[in-house]
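Q: What follows is the file data.txt, containing compact mmCIF, C-alpha atoms:
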```txt
# COMPACT_ATOMS: atom_id res chain seq x y z
CA ARG A 1 -12.88 16.61 18.68
CA ASP A 2 -9.46 15.10 18.98
CA VAL A 3 -8.37 13.59 15.70
CA TYR A 4 -6.74 10.18 15.49
CA LYS A 5 -5.95 9.12 11.96
CA ARG A 6 -5.98 5.40 11.39
CA GLN A 7 -5.84 3.43 8.21
CA VAL A 8 -8.06 0.40 8.21
CA VAL A 9 -9.46 -1.96 5.60
CA PHE A 10 -13.16 -1.88 4.86
CA ARG A 11 -14.40 -5.47 5.28
CA GLY A 12 -18.02 -5.05 4.25
CA TRP A 13 -21.37 -4.13 5.72
CA LEU A 14 -23.08 -5.55 8.78
CA PRO A 15 -26.01 -7.44 7.21
CA ASP A 16 -29.22 -5.46 6.78
CA THR A 17 -27.67 -2.23 8.11
CA ASN A 18 -25.72 0.84 6.99
CA THR A 19 -22.91 -0.18 9.37
CA LEU A 20 -19.38 -0.61 8.01
CA THR A 21 -17.29 -3.49 9.33
CA LEU A 22 -13.56 -3.32 10.00
CA ILE A 23 -11.24 -5.42 12.12
CA THR A 24 -8.40 -4.71 14.52
CA ASP A 25 -6.19 -6.32 17.13
CA GLN A 26 -7.35 -5.89 20.74
CA ARG A 27 -3.76 -4.94 21.63
CA SER A 28 -3.56 -2.07 19.11
CA ALA A 29 -3.75 1.62 20.01
CA LYS A 30 -6.93 1.89 17.93
CA VAL A 31 -8.91 0.13 20.65
CA THR A 32 -7.87 2.65 23.31
CA ASP A 33 -8.45 5.56 20.94
CA ILE A 34 -11.95 4.36 20.06
CA ALA A 35 -12.84 3.90 23.74
CA ALA A 36 -11.77 7.49 24.42
CA HIS A 37 -13.37 8.96 21.28
CA PRO A 38 -16.09 6.68 19.83
CA TRP A 39 -16.54 8.69 16.63
CA ALA A 40 -14.94 8.12 13.24
CA GLU A 41 -15.03 9.04 9.60
CA ALA A 42 -14.35 6.84 6.59
CA CYS A 43 -13.48 8.39 3.24
CA TRP A 44 -13.49 6.97 -0.25
CA TYR A 45 -12.63 8.44 -3.61
CA PHE A 46 -13.62 6.56 -6.76
CA THR A 47 -11.45 7.64 -9.68
CA ASP A 48 -13.64 6.15 -12.42
CA THR A 49 -16.75 8.06 -11.37
CA ARG A 50 -14.87 10.95 -9.73
CA GLU A 51 -16.99 10.65 -6.57
CA GLN A 52 -15.95 11.20 -2.97
CA PHE A 53 -17.83 9.80 0.02
CA ARG A 54 -17.26 10.75 3.66
CA LEU A 55 -19.21 8.66 6.16
CA ALA A 56 -19.11 9.82 9.78
CA GLY A 57 -20.66 8.39 12.91
CA SER A 58 -20.27 6.35 16.05
CA ILE A 59 -17.74 3.54 16.20
CA GLN A 60 -17.48 0.59 18.56
CA VAL A 61 -15.17 -2.34 19.12
CA ILE A 62 -16.73 -5.80 19.38
CA THR A 63 -14.68 -8.12 21.57
CA ALA A 64 -15.19 -11.71 22.69
CA GLU A 65 -17.51 -10.40 25.44
CA ALA A 66 -20.16 -8.90 23.13
CA ASN A 67 -23.83 -9.80 22.98
CA PRO A 68 -24.74 -12.94 20.97
CA THR A 69 -25.81 -11.09 17.82
CA LEU A 70 -22.57 -9.13 17.65
CA LEU A 71 -20.54 -12.22 18.57
CA GLN A 72 -22.00 -13.91 15.50
CA ALA A 73 -20.99 -10.94 13.34
CA ARG A 74 -17.48 -11.14 14.86
CA GLN A 75 -17.36 -14.86 14.08
CA ASN A 76 -18.52 -14.28 10.50
CA SER A 77 -15.80 -11.66 10.01
CA TRP A 78 -13.18 -14.09 11.34
CA GLU A 79 -14.34 -16.80 8.94
CA ALA A 80 -14.22 -14.38 5.99
CA LEU A 81 -10.50 -13.67 6.50
CA SER A 82 -7.74 -15.47 4.66
CA ASP A 83 -5.51 -17.77 6.70
CA ASN A 84 -2.65 -15.28 6.31
CA ALA A 85 -4.78 -12.48 7.77
CA ARG A 86 -5.89 -14.69 10.67
CA GLN A 87 -2.28 -15.66 11.47
CA GLN A 88 -1.47 -12.05 12.37
CA PHE A 89 -3.70 -12.27 15.45
CA TYR A 90 -1.41 -14.99 16.85
CA TRP A 91 1.73 -12.90 16.38
CA PRO A 92 3.49 -10.90 19.11
CA HIS A 93 2.05 -7.59 20.32
CA PRO A 94 1.67 -5.08 17.44
CA ALA A 95 3.89 -1.95 17.39
CA GLN A 96 6.22 -3.31 20.08
CA PRO A 97 9.96 -3.61 19.43
CA ARG A 98 10.80 -6.68 17.44
CA THR A 99 13.06 -9.09 19.30
CA ALA A 100 15.08 -12.11 18.22
CA GLU A 101 12.64 -14.25 20.25
CA ALA A 102 9.55 -12.94 18.43
CA ASP A 103 7.53 -15.90 17.16
CA PHE A 104 5.98 -15.31 13.76
CA SER A 105 5.68 -18.99 12.92
CA SER A 106 2.38 -20.32 11.66
CA LYS A 107 0.01 -21.37 14.39
CA GLU A 108 -2.98 -23.63 14.17
CA ILE A 109 -5.89 -21.38 13.28
CA GLN A 110 -8.82 -21.96 15.59
CA ALA A 111 -12.44 -21.94 14.41
CA THR A 112 -13.26 -19.40 17.12
CA PRO A 113 -11.32 -16.13 16.89
CA PRO A 114 -8.73 -15.44 19.57
CA ALA A 115 -9.43 -12.73 22.14
CA GLU A 116 -7.08 -10.41 20.22
CA PHE A 117 -9.45 -10.35 17.22
CA CYS A 118 -11.95 -7.48 17.30
CA LEU A 119 -14.69 -6.52 14.94
CA VAL A 120 -15.07 -2.75 14.59
CA LEU A 121 -18.40 -1.21 13.59
CA LEU A 122 -18.82 2.27 12.14
CA GLU A 123 -22.46 3.35 12.07
CA PRO A 124 -22.70 6.46 9.90
CA ASP A 125 -25.13 9.20 10.78
CA GLN A 126 -23.68 11.70 8.30
CA VAL A 127 -22.72 11.20 4.66
CA ASP A 128 -21.08 13.81 2.46
CA HIS A 129 -21.24 12.86 -1.23
CA LEU A 130 -19.27 14.96 -3.70
CA GLU A 131 -19.57 14.35 -7.44
CA LEU A 132 -16.61 15.97 -9.16
CA ARG A 133 -17.95 15.36 -12.66
CA GLY A 134 -20.06 18.09 -14.15
CA GLU A 135 -20.09 21.84 -14.17
CA PRO A 136 -20.85 22.77 -11.52
CA GLN A 137 -19.94 19.85 -9.31
CA ASN A 138 -22.68 18.35 -7.13
CA ARG A 139 -22.55 17.85 -3.39
CA THR A 140 -25.21 16.22 -1.23
CA LEU A 141 -25.29 15.93 2.56
CA TYR A 142 -27.24 13.15 4.27
CA ASN A 143 -28.06 13.27 7.99
CA HIS A 144 -29.66 10.36 9.82
CA GLN A 145 -32.70 11.47 11.79
CA PRO A 146 -33.94 10.08 15.14
CA ASP A 147 -36.97 8.55 13.39
CA GLY A 148 -34.65 6.44 11.18
CA THR A 149 -35.05 8.49 8.01
CA TRP A 150 -32.32 10.45 6.25
CA GLN A 151 -32.50 14.20 5.68
CA VAL A 152 -31.07 14.95 2.21
CA ARG A 153 -29.74 18.40 1.30
CA ALA A 154 -28.11 19.55 -1.91
CA VAL A 155 -25.39 22.08 -0.99
CA ASN A 156 -22.76 24.06 -2.81
CA PRO A 157 -19.62 22.04 -3.53
```
As structure tokens, please, write out the structure in this file.

A:
Amino acid sequence: RDVYKRQVVFRGWLPDTNTLTLITDQRSAKVTDIAAHPWAEACWYFTDTREQFRLAGSIQVITAEANPTLLQARQNSWEALSDNARQQFYWPHPAQPRTAEADFSSKEIQATPPAEFCLVLLEPDQVDHLELRGEPQNRTLYNHQPDGTWQVRAVNP
């Protein structure tokens, strides 16, 4: 697999699922990368408990043309953002050269997200959980099965 490293902010879980929610700008390179390679991995390390989680699975971008259920999830994500975070979706094209004419002034935030606002969903089908506390350390692999269950295997760290 080609590897595209992207830093994103975890925004929560899609209700009643194991699906992570993220957001991005429709104009960003992430959208093109996801279309070409709809697979991703999210990693967390918790210093207090010394645990590492790696969640891997399919990823999709939810635009203004999604089905009604996903449009509602997109709307909910928009509403959960601060006004400052929403303002960024009205700014000039991300990662383009900054010009003197670039307009970063505050715009009226609409109740409906602009077309540039995308919800991103990562649906894990593999989880690698490493517990660094203890001697020896513990590592557990979880694999989502076609019947909806999870296969759980304790493996060497």

Q: In Å, how far is it from atom CA of Arg139 of chain A to atom CA of Val120 of chain A?

A: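 Spanning atom CA of Arg139 of chain A to atom CA of Val120 of chain A is a straight-line distance of 28.3 Å.
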
Q: Please write as a PyMOL selection string the list of polymer residues whose atoms come within 8 Å of (-21.7, 11.3, -4.6), counting only C-alpha atoms and keeping to the coordinates of the file.

A: chain A and resi 51-53+128-131+138-140

Q: Keeping only C-alpha atoms, take the residues you just selected and write them out as a PDB file, keeping the file's coordinate frame.

A:
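Result written to again.pdb:
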```
ATOM      1  CA  GLU A  51     -16.990  10.650  -6.570  1.00  0.00           C
ATOM      2  CA  GLN A  52     -15.950  11.200  -2.970  1.00  0.00           C
ATOM      3  CA  PHE A  53     -17.830   9.800   0.020  1.00  0.00           C
ATOM      4  CA  ASP A 128     -21.080  13.810   2.460  1.00  0.00           C
ATOM      5  CA  HIS A 129     -21.240  12.860  -1.230  1.00  0.00           C
ATOM      6  CA  LEU A 130     -19.270  14.960  -3.700  1.00  0.00           C
ATOM      7  CA  GLU A 131     -19.570  14.350  -7.440  1.00  0.00           C
ATOM      8  CA  ASN A 138     -22.680  18.350  -7.130  1.00  0.00           C
ATOM      9  CA  ARG A 139     -22.550  17.850  -3.390  1.00  0.00           C
ATOM     10  CA  THR A 140     -25.210  16.220  -1.230  1.00  0.00           C
TER      11      THR A 140
END
```

Q: Could you pull the residues within 12 Å of Ile34 of chain A, counting all atoms listed in the file, minus those fewer than 3 positions along the same chain, as a list in words?

A: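 Close residues of Ile34 of chain A: Asp2, Val3, Tyr4, Lys5, Arg6, Thr24, Gln26, Ser28, Ala29, Lys30, Val31, His37, Pro38, Trp39, Ala40, Glu41, Gly57, Ser58, Ile59, Gln60, Val61, Ile62, Val120, Leu121 and Leu122 of chain A.
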
Q: Identify which of the residues A:Gln126, A:Gln137, A:Thr99, A:Thr17 lies closest to Val152 of chain A, counting only C-alpha atoms when measuring atom-to-atom distances.

A: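 For Val152 of chain A, the nearest of the candidates is A:Gln126.
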
Q: Between atom CA of Gln87 of chain A and atom CA of Glu108 of chain A, what is the distance in Å, rounded to a tenth?

A: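 Distance between the two atoms: 8.4 Å.
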
Q: Which one of A:Gly134, A:Gly12, A:Pro113, A:Gly148 sits closest to Asp83 of chain A if you count only C-alpha atoms?

A: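 Result for the nearest residue to Asp83 of chain A: A:Pro113.
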
Q: Just give me the gap between atom CA of Thr19 of chain A and atom CA of Arg153 of chain A in Å, one decimal is fine.

A: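 Result for atom CA of Thr19 of chain A versus atom CA of Arg153 of chain A: 21.4 Å, one decimal.
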
Q: Residues near segment 92-95 of chain A, anyone? I mean within 8 Å using only C-alpha atoms, not counting same-chain ones fewer than 5 positions away, as a list in words.

A: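 The contact residues come out as Asp25, Arg27, Ser28, Ala102, Asp103 and Phe104 of chain A.
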
Q: Set the distance at 10 Å and use all atoms listed in the file: which residues neighbour Arg86 of chain A once local chain neighbours fewer than 2 positions away are removed? I'd like the list as an MDAnalysis selection string.

A: chainID A and resid 78:84 88:91 107 109:110 113:114 117

Q: Counting only C-alpha atoms, which of A:Asn156, A:Cys118, A:Asp147, A:Val127 gets nearest to Ser77 of chain A?

A: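 Looking at the shortest contact to Ser77 of chain A, the residue is A:Cys118.
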
Q: When you count all atoms listed in the file, which of these residues is closest to Asn76 of chain A: A:Leu14, A:Ala42, A:Ala36, A:Leu20?

A: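 The shortest atom-to-atom distance to Asn76 of chain A comes from A:Leu14.
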
Q: Pick from A:Asn143, A:Gln75, A:Thr69, A:Thr32: nearest to Arg54 of chain A, with only C-alpha atoms counted?

A: A:Asn143

Q: So, with all atoms listed in the file as the atoms that count, which of A:Thr63, A:Gln96, A:Thr49, A:Thr149 lies closest to Ala115 of chain A?

A: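 Looking only at the distances to Ala115 of chain A, the closest residue turns out to be A:Thr63.
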